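Student: Structure file data.csv (CSV, C-alpha atoms and all ligand atoms) is given on the next line.
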```csv
chain,number,residue,atom,x,y,z
A,1,MET,CA,6.8,18.5,-7.8
A,2,ASN,CA,6.5,16.1,-4.9
A,3,GLU,CA,3.0,15.3,-3.7
A,4,PRO,CA,2.1,16.5,-0.2
A,5,PRO,CA,3.0,13.9,2.5
A,6,THR,CA,0.3,11.6,3.9
A,7,LEU,CA,-0.2,11.9,7.6
A,8,VAL,CA,-1.1,9.1,10.0
A,9,ARG,CA,-1.8,10.1,13.6
A,10,VAL,CA,-1.2,7.7,16.4
A,11,ALA,CA,-3.5,9.0,19.2
A,12,LEU,CA,-2.0,8.1,22.6
A,13,GLY,CA,-2.9,11.1,24.7
A,14,ARG,CA,0.2,13.0,25.7
A,15,ALA,CA,2.3,10.5,23.8
A,16,SER,CA,0.4,11.1,20.5
A,17,TYR,CA,2.5,11.5,17.3
A,18,ASP,CA,2.3,11.8,13.6
A,19,ILE,CA,3.8,9.4,11.0
A,20,GLU,CA,4.6,11.5,7.9
A,21,ILE,CA,4.9,9.5,4.7
A,22,GLY,CA,6.3,11.4,1.7
A,23,SER,CA,9.0,11.7,-0.9
A,24,GLY,CA,12.1,13.8,-0.7
A,25,SER,CA,11.4,14.6,3.0
A,26,LEU,CA,14.8,13.8,4.6
A,27,SER,CA,16.1,17.3,4.0
A,28,ARG,CA,13.1,18.7,5.9
A,29,ALA,CA,14.0,16.6,9.0
A,30,GLY,CA,15.0,19.8,10.8
A,31,ASP,CA,11.5,21.4,10.5
A,32,PHE,CA,10.0,18.1,11.4
A,33,VAL,CA,11.9,17.9,14.7
A,34,ALA,CA,11.6,21.7,15.4
A,35,ALA,CA,7.8,21.4,15.1
A,36,ARG,CA,7.7,18.8,17.8
A,37,ARG,CA,10.5,19.7,20.3
A,38,LYS,CA,12.5,22.7,21.3
A,39,ALA,CA,15.8,20.9,20.9
A,40,SER,CA,19.3,22.4,20.3
A,41,HIS,CA,21.2,19.2,19.9
A,42,ALA,CA,20.5,16.0,17.9
A,43,VAL,CA,22.3,12.6,18.1
A,44,ILE,CA,21.7,10.7,14.9
A,45,ILE,CA,22.1,6.9,15.3
A,46,THR,CA,22.5,5.1,12.0
A,47,ASP,CA,24.3,2.1,10.5
A,48,GLU,CA,27.1,2.0,7.9
A,49,HIS,CA,24.8,1.1,5.0
A,50,VAL,CA,22.5,4.0,5.7
A,51,HIS,CA,25.0,6.6,6.7
A,52,SER,CA,25.6,7.9,3.2
A,53,PRO,CA,23.5,9.3,1.7
A,54,HIS,CA,20.4,9.0,4.0
A,55,ALA,CA,21.7,9.9,7.5
A,56,GLU,CA,23.9,12.6,6.0
A,57,ARG,CA,20.8,14.2,4.4
A,58,VAL,CA,19.0,14.1,7.7
A,59,ALA,CA,22.0,15.7,9.4
A,60,ALA,CA,22.1,18.5,6.8
A,61,GLY,CA,18.4,19.1,7.3
A,62,LEU,CA,18.8,19.3,11.1
A,63,ILE,CA,21.8,21.6,10.8
A,64,SER,CA,19.9,23.9,8.5
A,65,ALA,CA,17.2,24.2,11.2
A,66,GLY,CA,19.9,25.4,13.6
A,67,LEU,CA,20.6,22.2,15.6
A,68,THR,CA,24.0,20.9,16.5
A,69,VAL,CA,24.3,17.4,15.2
A,70,ASP,CA,26.4,14.4,16.2
A,71,LEU,CA,26.4,11.2,14.1
A,72,LEU,CA,27.0,7.8,15.7
A,73,VAL,CA,27.4,5.0,13.2
A,74,ILE,CA,26.9,1.3,14.2
A,75,GLU,CA,27.7,-1.8,12.3
A,76,PRO,CA,24.8,-3.2,10.2
A,77,GLY,CA,23.2,-6.4,11.4
A,78,GLU,CA,21.1,-7.9,14.2
A,79,GLU,CA,24.3,-8.4,16.4
A,80,SER,CA,24.4,-4.6,16.9
A,81,LYS,CA,21.0,-4.8,18.8
A,82,SER,CA,22.9,-5.7,21.9
A,83,VAL,CA,23.7,-4.5,25.4
A,84,PRO,CA,27.4,-3.9,24.5
A,85,VAL,CA,26.5,-1.7,21.6
A,86,ALA,CA,23.9,0.2,23.7
A,87,ASN,CA,26.6,0.7,26.3
A,88,HIS,CA,28.9,2.1,23.7
A,89,LEU,CA,26.2,4.5,22.6
A,90,TRP,CA,25.5,5.6,26.2
A,91,GLN,CA,29.2,6.3,26.7
A,92,LYS,CA,29.5,8.3,23.5
A,93,MET,CA,26.4,10.3,24.3
A,94,LEU,CA,27.9,11.1,27.7
A,95,GLU,CA,31.1,12.3,26.1
A,96,LEU,CA,29.1,14.4,23.6
A,97,GLY,CA,27.3,16.1,26.5
A,98,ALA,CA,23.8,14.8,25.5
A,99,ASP,CA,21.1,15.9,28.0
A,100,ARG,CA,17.4,16.2,28.3
A,101,LYS,CA,17.4,18.9,25.6
A,102,SER,CA,18.9,16.5,23.1
A,103,VAL,CA,16.8,14.5,20.7
A,104,VAL,CA,17.8,11.1,19.4
A,105,VAL,CA,17.1,10.5,15.7
A,106,ALA,CA,17.2,6.9,14.5
A,107,VAL,CA,17.9,6.7,10.7
A,108,GLY,CA,17.9,3.1,9.5
A,109,GLY,CA,16.1,-0.2,9.6
A,110,GLY,CA,14.5,-2.0,12.6
A,111,VAL,CA,17.8,-2.8,14.2
A,112,THR,CA,18.8,0.8,14.3
A,113,GLY,CA,15.3,2.0,15.4
A,114,ASP,CA,15.0,-0.6,18.2
A,115,LEU,CA,18.5,0.0,19.5
A,116,ALA,CA,18.4,3.9,19.2
A,117,GLY,CA,14.9,3.9,20.8
A,118,PHE,CA,16.2,1.8,23.7
A,119,VAL,CA,19.2,4.1,24.2
A,120,ALA,CA,16.8,7.1,24.0
A,121,ALA,CA,14.5,5.6,26.5
A,122,THR,CA,17.2,4.9,29.0
A,123,PHE,CA,19.8,7.7,28.7
A,124,ALA,CA,19.2,10.3,31.4
A,125,ARG,CA,15.9,8.5,32.1
A,126,GLY,CA,14.6,9.3,28.7
A,127,LEU,CA,15.2,11.5,25.7
A,128,ALA,CA,12.9,12.6,22.9
A,129,PHE,CA,13.2,10.3,20.0
A,130,VAL,CA,12.4,10.5,16.3
A,131,GLN,CA,12.2,7.5,13.9
A,132,VAL,CA,13.4,7.9,10.3
A,133,PRO,CA,12.9,4.3,9.0
A,134,THR,CA,14.7,3.4,5.8
A,135,THR,CA,13.6,-0.3,5.3
A,136,LEU,CA,10.1,-1.2,4.3
A,137,LEU,CA,9.9,-3.4,7.4
A,138,ALA,CA,10.8,-0.5,9.6
A,139,MET,CA,8.4,1.8,7.8
A,140,VAL,CA,5.4,-0.5,8.2
A,141,ASP,CA,6.2,-2.1,11.5
A,142,SER,CA,9.1,-1.4,13.8
A,143,ALA,CA,9.2,2.4,13.7
A,144,VAL,CA,5.5,2.5,14.8
A,145,GLY,CA,4.2,1.6,18.2
A,146,GLY,CA,7.1,2.3,20.6
A,147,LYS,CA,8.5,-1.1,21.2
A,148,VAL,CA,12.3,-0.6,21.6
A,149,GLY,CA,14.9,-2.9,22.9
A,150,VAL,CA,17.9,-5.1,22.5
A,151,ASN,CA,18.6,-8.9,22.3
A,152,LEU,CA,20.2,-11.0,24.9
A,153,PRO,CA,22.6,-13.6,23.4
A,154,SER,CA,20.0,-16.3,23.7
A,155,ALA,CA,16.7,-14.3,23.6
A,156,LYS,CA,15.6,-11.9,21.0
A,157,ASN,CA,14.0,-8.5,22.1
A,158,MET,CA,14.3,-9.6,25.8
A,159,VAL,CA,15.4,-6.3,27.3
A,160,GLY,CA,13.5,-3.2,26.3
A,161,ALA,CA,10.8,-0.7,26.9
A,162,PHE,CA,7.7,1.0,25.5
A,163,TRP,CA,9.0,4.4,24.4
A,164,GLN,CA,7.0,6.2,21.8
A,165,PRO,CA,8.8,8.4,19.3
A,166,ILE,CA,7.7,12.1,19.1
A,167,GLY,CA,7.3,11.6,15.3
A,168,VAL,CA,8.1,9.2,12.5
A,169,LEU,CA,9.4,10.6,9.2
A,170,ILE,CA,9.1,8.3,6.3
A,171,ASP,CA,10.8,9.2,3.0
A,172,THR,CA,9.9,6.6,0.5
A,173,ASP,CA,12.9,7.7,-1.7
A,174,THR,CA,15.2,5.9,0.7
A,175,LEU,CA,13.8,2.6,-0.5
A,176,ALA,CA,15.6,3.2,-3.8
A,177,THR,CA,18.9,1.8,-2.3
A,178,LEU,CA,17.2,-1.0,-0.4
A,179,PRO,CA,18.1,-4.5,-1.8
A,180,ASP,CA,15.2,-6.4,-3.3
A,181,ARG,CA,15.4,-9.2,-0.7
A,182,GLU,CA,14.9,-6.6,2.1
A,183,LEU,CA,12.0,-5.1,0.2
A,184,ARG,CA,10.3,-8.5,-0.1
A,185,ALA,CA,10.9,-9.2,3.6
A,186,GLY,CA,9.1,-6.0,4.4
A,187,LEU,CA,6.2,-7.0,2.2
A,188,ALA,CA,5.7,-10.1,4.4
A,189,GLU,CA,4.7,-7.8,7.2
A,190,VAL,CA,2.4,-5.8,4.9
A,191,VAL,CA,0.6,-9.1,3.9
A,192,LYS,CA,0.3,-9.8,7.7
A,193,TYR,CA,-1.8,-6.7,8.2
A,194,GLY,CA,-4.2,-7.8,5.4
A,195,VAL,CA,-4.6,-11.3,6.9
A,196,ILE,CA,-5.0,-10.2,10.5
A,197,LEU,CA,-7.0,-7.0,10.2
A,198,ASP,CA,-8.3,-6.1,6.7
A,199,ASN,CA,-9.5,-8.5,4.0
A,200,VAL,CA,-10.1,-5.6,1.6
A,201,PHE,CA,-6.4,-4.6,1.9
A,202,PHE,CA,-5.5,-8.3,1.3
A,203,GLU,CA,-7.5,-8.2,-1.9
A,204,TRP,CA,-5.8,-4.9,-2.9
A,205,LEU,CA,-2.4,-6.6,-2.3
A,206,GLU,CA,-3.5,-9.5,-4.5
A,207,ARG,CA,-4.3,-7.1,-7.3
A,208,ASN,CA,-1.1,-5.0,-6.8
A,209,ALA,CA,1.6,-7.5,-5.9
A,210,GLU,CA,3.6,-6.8,-9.1
A,211,LEU,CA,3.4,-3.1,-8.8
A,212,LEU,CA,4.8,-3.4,-5.3
A,213,LEU,CA,7.6,-5.7,-6.4
A,214,ASN,CA,8.4,-3.2,-9.1
A,215,ARG,CA,8.6,-0.4,-6.5
A,216,ASP,CA,5.8,1.6,-8.0
A,217,PRO,CA,5.8,4.8,-5.8
A,218,ALA,CA,2.1,5.2,-5.5
A,219,ALA,CA,1.5,1.6,-4.6
A,220,LEU,CA,4.3,1.6,-2.1
A,221,ARG,CA,3.0,4.8,-0.5
A,222,TYR,CA,-0.5,3.4,-0.2
A,223,ALA,CA,0.8,0.1,1.2
A,224,ILE,CA,3.0,1.9,3.8
A,225,SER,CA,0.4,4.5,4.9
A,226,HIS,CA,-2.4,1.9,5.2
A,227,SER,CA,-0.1,-0.5,7.1
A,228,CYS,CA,0.8,2.3,9.5
A,229,ARG,CA,-2.9,3.2,10.0
A,230,LEU,CA,-3.7,-0.4,10.7
A,231,LYS,CA,-0.9,-0.8,13.2
A,232,GLY,CA,-1.6,2.6,14.7
A,233,ASP,CA,-5.2,1.5,15.4
A,234,VAL,CA,-4.1,-1.5,17.3
A,235,VAL,CA,-1.4,0.4,19.3
A,236,GLU,CA,-3.9,3.0,20.2
A,237,ARG,CA,-6.2,0.4,21.7
A,238,ASP,CA,-3.5,-1.7,23.5
A,239,GLU,CA,-0.3,0.3,23.7
A,240,ARG,CA,1.4,-2.0,26.2
A,241,GLU,CA,0.1,-5.4,25.0
A,242,GLU,CA,-2.1,-5.8,28.1
A,243,THR,CA,-5.4,-6.9,26.7
A,244,GLY,CA,-4.2,-9.4,24.1
A,245,LEU,CA,-5.2,-7.1,21.2
A,246,ARG,CA,-1.7,-6.0,20.3
A,247,ALA,CA,-0.6,-9.6,20.3
A,248,VAL,CA,-2.5,-10.1,17.0
A,249,LEU,CA,0.5,-8.3,15.4
A,250,ASN,CA,2.5,-11.3,16.2
A,251,TYR,CA,0.6,-13.5,13.7
A,252,GLY,CA,3.1,-16.0,12.3
A,253,HIS,CA,5.8,-14.9,14.8
A,254,THR,CA,5.7,-17.8,17.2
A,255,PHE,CA,6.9,-20.0,14.4
A,256,ALA,CA,9.0,-17.3,12.9
A,257,HIS,CA,11.0,-16.6,16.1
A,258,ALA,CA,11.5,-20.3,16.5
A,259,ILE,CA,12.8,-20.6,12.9
A,260,GLU,CA,15.2,-17.7,13.5
A,261,ALA,CA,16.4,-19.0,16.8
A,262,THR,CA,16.8,-22.6,15.5
A,263,MET,CA,18.5,-21.7,12.2
A,264,GLY,CA,20.6,-19.0,13.7
A,265,TYR,CA,19.9,-15.3,13.2
A,266,GLY,CA,21.0,-14.3,9.7
A,267,GLU,CA,19.9,-17.4,7.7
A,268,PHE,CA,16.5,-16.0,7.1
A,269,LEU,CA,15.6,-12.3,7.2
A,270,HIS,CA,12.9,-11.6,9.8
A,271,GLY,CA,10.2,-11.0,7.2
A,272,GLU,CA,11.1,-14.2,5.4
A,273,ALA,CA,10.7,-16.2,8.7
A,274,VAL,CA,7.4,-14.4,9.2
A,275,SER,CA,6.3,-15.5,5.8
A,276,ILE,CA,6.9,-19.2,6.6
A,277,GLY,CA,5.5,-18.6,10.1
A,278,MET,CA,2.2,-17.3,8.6
A,279,ILE,CA,2.0,-20.5,6.4
A,280,CYS,CA,2.5,-22.6,9.5
A,281,ALA,CA,-0.1,-20.7,11.5
A,282,ALA,CA,-2.6,-21.1,8.7
A,283,GLN,CA,-1.9,-24.9,8.6
A,284,LEU,CA,-2.4,-25.1,12.3
A,285,ALA,CA,-5.7,-23.1,12.1
A,286,GLN,CA,-6.8,-25.4,9.2
A,287,ARG,CA,-6.1,-28.5,11.3
A,288,LEU,CA,-8.2,-26.9,14.1
A,289,GLY,CA,-11.1,-26.3,11.6
A,290,ARG,CA,-10.8,-22.6,12.0
A,291,VAL,CA,-10.1,-21.8,8.3
A,292,ASP,CA,-10.5,-23.8,5.1
A,293,SER,CA,-7.9,-24.7,2.5
A,294,ASP,CA,-8.9,-21.8,0.4
A,295,PHE,CA,-7.7,-19.4,3.1
A,296,SER,CA,-4.3,-21.2,3.3
A,297,SER,CA,-4.0,-21.3,-0.5
A,298,ARG,CA,-4.7,-17.6,-1.0
A,299,GLN,CA,-2.2,-16.6,1.6
A,300,GLN,CA,0.4,-19.0,0.2
A,301,LYS,CA,-0.1,-17.8,-3.4
A,302,LEU,CA,0.3,-14.1,-2.4
A,303,LEU,CA,3.4,-14.7,-0.4
A,304,ALA,CA,4.9,-16.8,-3.2
A,305,ARG,CA,4.1,-14.1,-5.8
A,306,LEU,CA,5.9,-11.6,-3.6
A,307,GLY,CA,9.0,-13.9,-3.8
A,308,LEU,CA,8.9,-14.9,-0.2
A,309,PRO,CA,9.7,-18.4,1.1
A,310,THR,CA,6.7,-20.5,2.0
A,311,ALA,CA,8.1,-23.9,3.0
A,312,LEU,CA,9.6,-24.8,6.3
A,313,PRO,CA,13.3,-25.6,6.0
A,314,GLY,CA,14.6,-28.9,7.4
A,315,ILE,CA,14.6,-28.1,11.1
A,316,VAL,CA,14.8,-30.4,14.1
A,317,GLU,CA,11.3,-30.5,15.4
A,318,SER,CA,12.3,-30.8,19.1
A,319,GLU,CA,14.5,-27.7,18.8
A,320,MET,CA,11.6,-25.8,17.2
A,321,LEU,CA,9.3,-26.8,20.0
A,322,ALA,CA,11.9,-25.9,22.6
A,323,ALA,CA,12.4,-22.5,21.0
A,324,MET,CA,8.6,-21.9,20.9
A,325,SER,CA,8.3,-22.6,24.6
A,326,ARG,CA,10.4,-19.5,25.2
A,327,ASP,CA,7.9,-17.3,23.2
A,328,LYS,CA,6.7,-14.2,25.1
A,329,LYS,CA,3.1,-15.3,24.6
A,330,VAL,CA,3.5,-18.5,26.6
A,331,GLU,CA,1.3,-18.3,29.7
A,332,PHE,CA,1.4,-20.7,32.6
A,333,GLY,CA,3.6,-23.0,30.4
A,334,GLN,CA,0.9,-23.2,27.6
A,335,LEU,CA,1.7,-22.4,24.0
A,336,ARG,CA,-0.6,-19.7,22.6
A,337,PHE,CA,-0.9,-18.9,18.9
A,338,VAL,CA,-2.4,-16.1,16.9
A,339,LEU,CA,-4.7,-17.9,14.5
A,340,PRO,CA,-7.0,-16.8,11.8
A,341,THR,CA,-10.7,-17.5,11.6
A,342,ARG,CA,-11.1,-15.7,8.2
A,343,LEU,CA,-9.2,-13.2,6.1
A,344,GLY,CA,-9.0,-10.0,8.1
A,345,HIS,CA,-9.6,-11.6,11.5
A,346,VAL,CA,-7.3,-13.5,14.0
A,347,GLU,CA,-7.6,-14.5,17.6
A,348,LEU,CA,-5.1,-15.4,20.3
A,349,VAL,CA,-5.7,-19.1,21.0
A,350,GLY,CA,-4.4,-21.1,24.0
A,351,ARG,CA,-4.4,-24.7,25.1
A,352,ILE,CA,-3.3,-26.0,21.7
A,353,ASP,CA,-2.5,-29.7,21.6
A,354,GLN,CA,1.3,-30.0,21.0
A,355,SER,CA,0.7,-33.0,18.7
A,356,LEU,CA,-1.0,-30.7,16.2
A,357,VAL,CA,1.9,-28.3,16.3
A,358,ARG,CA,4.2,-31.3,15.7
A,359,SER,CA,2.2,-32.4,12.8
A,360,VAL,CA,2.5,-29.0,11.1
A,361,LEU,CA,6.2,-29.0,11.7
A,362,GLN,CA,6.5,-32.6,10.4
A,363,ASP,CA,4.6,-31.8,7.2
A,364,GLY,CA,7.0,-28.9,6.6
A,365,ALA,CA,4.0,-26.6,6.6
A,366,ALA,CA,3.0,-27.9,3.2
B,1,LIG,P1,17.9,-4.0,9.6
B,1,LIG,O1,17.7,-2.8,10.4
B,1,LIG,O2,18.9,-5.0,9.9
B,1,LIG,O3,18.0,-3.6,8.1
B,1,LIG,C1,18.2,-4.5,7.1
B,1,LIG,C2,19.4,-4.2,6.2
B,1,LIG,O4,19.1,-3.2,5.3
B,1,LIG,C3,20.7,-3.8,7.0
B,1,LIG,O5,21.8,-4.3,6.4
B,1,LIG,C4,20.6,-2.2,6.8
B,1,LIG,O6,21.9,-1.7,7.0
B,1,LIG,C5,20.1,-2.1,5.4
B,1,LIG,N1,19.4,-0.9,5.1
B,1,LIG,C6,18.5,-0.2,5.8
B,1,LIG,N2,18.0,0.8,5.1
B,1,LIG,C7,18.6,0.7,3.9
B,1,LIG,C8,18.4,1.5,2.7
B,1,LIG,N3,17.5,2.4,2.6
B,1,LIG,N4,19.2,1.2,1.7
B,1,LIG,C9,20.1,0.2,1.8
B,1,LIG,N5,20.3,-0.6,2.8
B,1,LIG,C10,19.5,-0.3,3.9
B,1,LIG,O7,16.5,-4.9,9.6
B,1,LIG,P2,15.0,-4.6,9.4
B,1,LIG,O8,14.4,-5.7,8.6
B,1,LIG,O9,14.7,-3.2,9.0
B,1,LIG,O10,14.5,-4.7,11.0
B,1,LIG,C11,14.6,-5.9,11.6
B,1,LIG,C12,14.6,-5.7,13.1
B,1,LIG,O11,13.4,-5.0,13.5
B,1,LIG,C13,14.7,-6.9,14.0
B,1,LIG,O12,15.6,-6.7,15.0
B,1,LIG,C14,13.3,-7.0,14.6
B,1,LIG,O13,13.3,-7.6,15.8
B,1,LIG,C15,12.9,-5.6,14.7
B,1,LIG,N6,11.5,-5.4,14.7
B,1,LIG,C16,11.0,-4.6,15.7
B,1,LIG,C17,9.6,-4.3,15.7
B,1,LIG,C18,9.1,-3.4,16.8
B,1,LIG,O14,7.9,-3.2,16.9
B,1,LIG,N7,10.0,-2.6,17.5
B,1,LIG,C19,8.7,-4.9,14.8
B,1,LIG,C20,9.3,-5.7,13.8
B,1,LIG,C21,10.6,-5.9,13.8
B,2,LIG,N1,5.7,-5.9,16.0
B,2,LIG,C1,4.8,-6.3,17.1
B,2,LIG,C2,4.4,-5.1,17.8
B,2,LIG,O1,4.7,-4.0,17.6
B,2,LIG,O2,3.6,-5.2,18.8
```
Could you quickly redo this structure as structure tokens?
Ligand code: NAD
Ligand code: GLY

Tutor:
Amino acid sequence: MNEPPTLVRVALGRASYDIEIGSGSLSRAGDFVAARRKASHAVIITDEHVHSPHAERVAAGLISAGLTVDLLVIEPGEESKSVPVANHLWQKMLELGADRKSVVVAVGGGVTGDLAGFVAATFARGLAFVQVPTTLLAMVDSAVGGKVGVNLPSAKNMVGAFWQPIGVLIDTDTLATLPDRELRAGLAEVVKYGVILDNVFFEWLERNAELLLNRDPAALRYAISHSCRLKGDVVERDEREETGLRAVLNYGHTFAHAIEATMGYGEFLHGEAVSIGMICAAQLAQRLGRVDSDFSSRQQKLLARLGLPTALPGIVESEMLAAMSRDKKVEFGQLRFVLPTRLGHVELVGRIDQSLVRSVLQDGAA
């Protein structure tokens, strides 16, 4: 007998929605959608790795609730988060007769969710959209908060929108098919929440790292629901990243995006780059006297125990700095970083001396 699902509410006025975290819930996707929208037609967008069995289960659930279902399958990988693939999906939806009564259902990782959300936000000026995340990273991060979009060839996430889903349906059973490396990459974002928002959660992660790596269902469910709650709280207070609060979610990401751009997308998984990025950010904070070496060492130890990379690879420093200068947090040409002051608290800090950033890069974050 499955436990009842855990519900996390994201309160955004008329755009409020629930995140339902449970086990064996894909087959109930039809009821989940029907409870939120009077839709007669669903377009499921998924990728080839997730199509069978997960998206097929969602399709069966929607059909049993009386919806007509079309399934659009994209190629897995970051390259699919592009304008040409979005255009292909728009064309297909036009051929399928999708209209304002249709609902778009994203079944997959962050690539599928960001792309399908962008297509939903833009087709016919906006269709209702449901997220069914199937990677840990998507469950704890990308499916929550309404940031949707695609990459330009030289700039990640550059074209997009804020488009909140009408609901997020998380079935932790889907993680059974997720490769270990992808699971660990998702754990990097979970650690991020502890560092930036909740020292008690960080301590819980220190005590339960092995259970998480061994995919203990109760530990995973708690880590997912608590991460969703923490992210939801931030999104509720700064939905459109206007006050600087939501920017705290980008802890480690200035370095991470530069690593991804410099090494080429695909060398590191996003969560792996975030792990190294958090190490770099802690080193920078330490050089600024904001945290002590105990902070950096606890963060480093936890990430290493979770099997995540913690050392900066050999990267040309000037290329890293150039990539950082294209970060969306750059304001009036000044680099800004999300930096910790203690476990559970970070701040957005500007006017940072470039020589300090260089020294972190030169020392390989060690
Ligand atoms: P992904 O979508 O590429 O999925 C990773 C891999 O796992 C893919 O090969 C996918 O096919 C496969 N997969 C997915 N679910 C599976 C399952 N249950 N079993 C087996 N294989 C499965 O990557 P991701 O890590 O989920 O997401 C990364 C993307 O998310 C990036 O594009 C990043 O920019 C974006 N992102 C967005 C936000 C946001 O707020 N919108 C936040 C963080 C990350
Ligand atoms: N992943 C960062 C954000 O959602 O704002």

Student: Given the choices A:Leu94, A:Leu115, A:Ala35, A:Met263, which gets closest to Ile74 (chain A) if the distance is worked out from all atoms listed in the file?

Tutor: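 Going through A:Leu94, A:Leu115, A:Ala35, A:Met263 one by one, the smallest distance to Ile74 (chain A) is for A:Leu115.
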
Student: Work out how far CA of Leu152 (chain A) is from CA of Glu267 (chain A), in Å to one decimal.

Tutor: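 Interatomic distance, CA of Glu267 (chain A) to CA of Leu152 (chain A): 18.4 Å.
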
Student: Using all atoms listed in the file, which residues of the polymer chains come no farther than 6 Å from ligand LIG 1 (chain B)? I'd like the answer as an NGL selection string.

Tutor: :A and (47 or 49-50 or 76-78 or 108-112 or 114 or 134-135 or 137-138 or 141-142 or 147-148 or 174-175 or 177-178)

Student: By how many Å are CA of Arg215 (chain A) and CA of Arg298 (chain A) apart?

Tutor: 22.4 Å

Student: Dump the neighbourhood of ligand LIG 2 (chain B) as a VMD selection string: all residues within 12 Å, distances computed on all atoms listed in the file.

Tutor: chain A and resid 110 114 137 to 149 157 161 to 164 189 to 190 192 to 193 227 to 228 230 to 242 244 to 254 257 270 to 271 274 328 to 329

Student: Between A:Arg229, A:Arg125, A:Lys81, A:Arg37, which is the closest to Thr6 (chain A) once you count only C-alpha atoms?

Tutor: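 Looking only at the distances to Thr6 (chain A), the closest residue turns out to be A:Arg229.
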
Student: Which residue, A:Glu317, A:Glu206, A:Asp171, A:Glu272, has the smallest gap to Ile21 (chain A) when you use all atoms listed in the file?

Tutor: A:Asp171

Student: Between A:Met278, A:Leu7, A:Ala256, A:Ala322, which is the closest to Tyr222 (chain A) once you count only C-alpha atoms?

Tutor: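 Smallest separation from Tyr222 (chain A) among the options: A:Leu7.
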
Student: For the atom pair CA of Gly314 (chain A) and CA of Gln362 (chain A), what is the interatomic distance in Å to one decimal place?

Tutor: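 Taking CA of Gly314 (chain A) and CA of Gln362 (chain A), their separation equals 9.4 Å.
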
Student: Find the residues around Leu212 (chain A) up to 12 Å (all atoms listed in the file counted), leave out those fewer than 5 positions away in its own chain, and share them as a VMD selection string.

Tutor: chain A and resid 136 175 180 183 to 184 186 to 188 190 to 191 204 to 207 217 to 224 302 305 to 307

Student: With all atoms listed in the file as the basis for distance, which of A:Ala128, A:Val349, A:Val338, A:Val195 is at the shortest distance from Pro165 (chain A)?

Tutor: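 With all atoms listed in the file as the atom set, the closest residue is A:Ala128.
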
Student: Choose the residue, out of A:Val130, A:Met93, A:Val73, A:Ala116, that has the smallest atom-to-atom separation from Ala39 (chain A); count all atoms listed in the file.

Tutor: A:Val130

Student: List as a ChimeraX atom specification the residues having at least one atom at most 7 Å from position (11.9, 7.1, 10.8) as given in the file, counting all atoms listed in the file.

Tutor: /A:106-107,130-134,143,168-170

Student: Would you mind listing what lies within 9 Å of Gly167 (chain A) as a count of residues only, with all atoms listed in the file counted and same-chain residues fewer than 4 positions away left out?

Tutor: 12

Student: Start from the incomplete input, build N, CA, C and O atoms for region 34-42 of chain A, and deliver everything as a compact mmCIF listing (two decimals), in the coordinates of the input.

Tutor:
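Writing done, so here's out_28.txt:
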```txt
# COMPACT_ATOMS: atom_id res chain seq x y z
N ALA A 34 11.85 20.37 14.75
CA ALA A 34 11.60 21.70 15.40
C ALA A 34 10.10 21.85 15.70
O ALA A 34 9.73 22.46 16.71
N ALA A 35 9.23 21.31 14.84
CA ALA A 35 7.80 21.40 15.10
C ALA A 35 7.33 20.64 16.28
O ALA A 35 6.22 20.85 16.78
N ARG A 36 8.17 19.72 16.73
CA ARG A 36 7.70 18.80 17.80
C ARG A 36 8.50 18.98 19.11
O ARG A 36 8.04 18.58 20.16
N ARG A 37 9.72 19.53 19.05
CA ARG A 37 10.50 19.70 20.30
C ARG A 37 11.45 20.85 20.15
O ARG A 37 12.02 21.08 19.10
N LYS A 38 11.57 21.57 21.27
CA LYS A 38 12.50 22.70 21.30
C LYS A 38 13.89 22.07 21.61
O LYS A 38 14.29 22.01 22.78
N ALA A 39 14.56 21.54 20.61
CA ALA A 39 15.80 20.90 20.90
C ALA A 39 16.96 21.70 20.24
O ALA A 39 16.77 22.35 19.21
N SER A 40 18.14 21.67 20.88
CA SER A 40 19.30 22.40 20.30
C SER A 40 20.31 21.40 19.78
O SER A 40 21.21 21.75 19.03
N HIS A 41 20.18 20.15 20.19
CA HIS A 41 21.20 19.20 19.90
C HIS A 41 20.53 17.85 19.45
O HIS A 41 19.59 17.40 20.10
N ALA A 42 21.04 17.27 18.35
CA ALA A 42 20.50 16.00 17.90
C ALA A 42 21.62 14.96 17.83
O ALA A 42 22.73 15.27 17.37
```
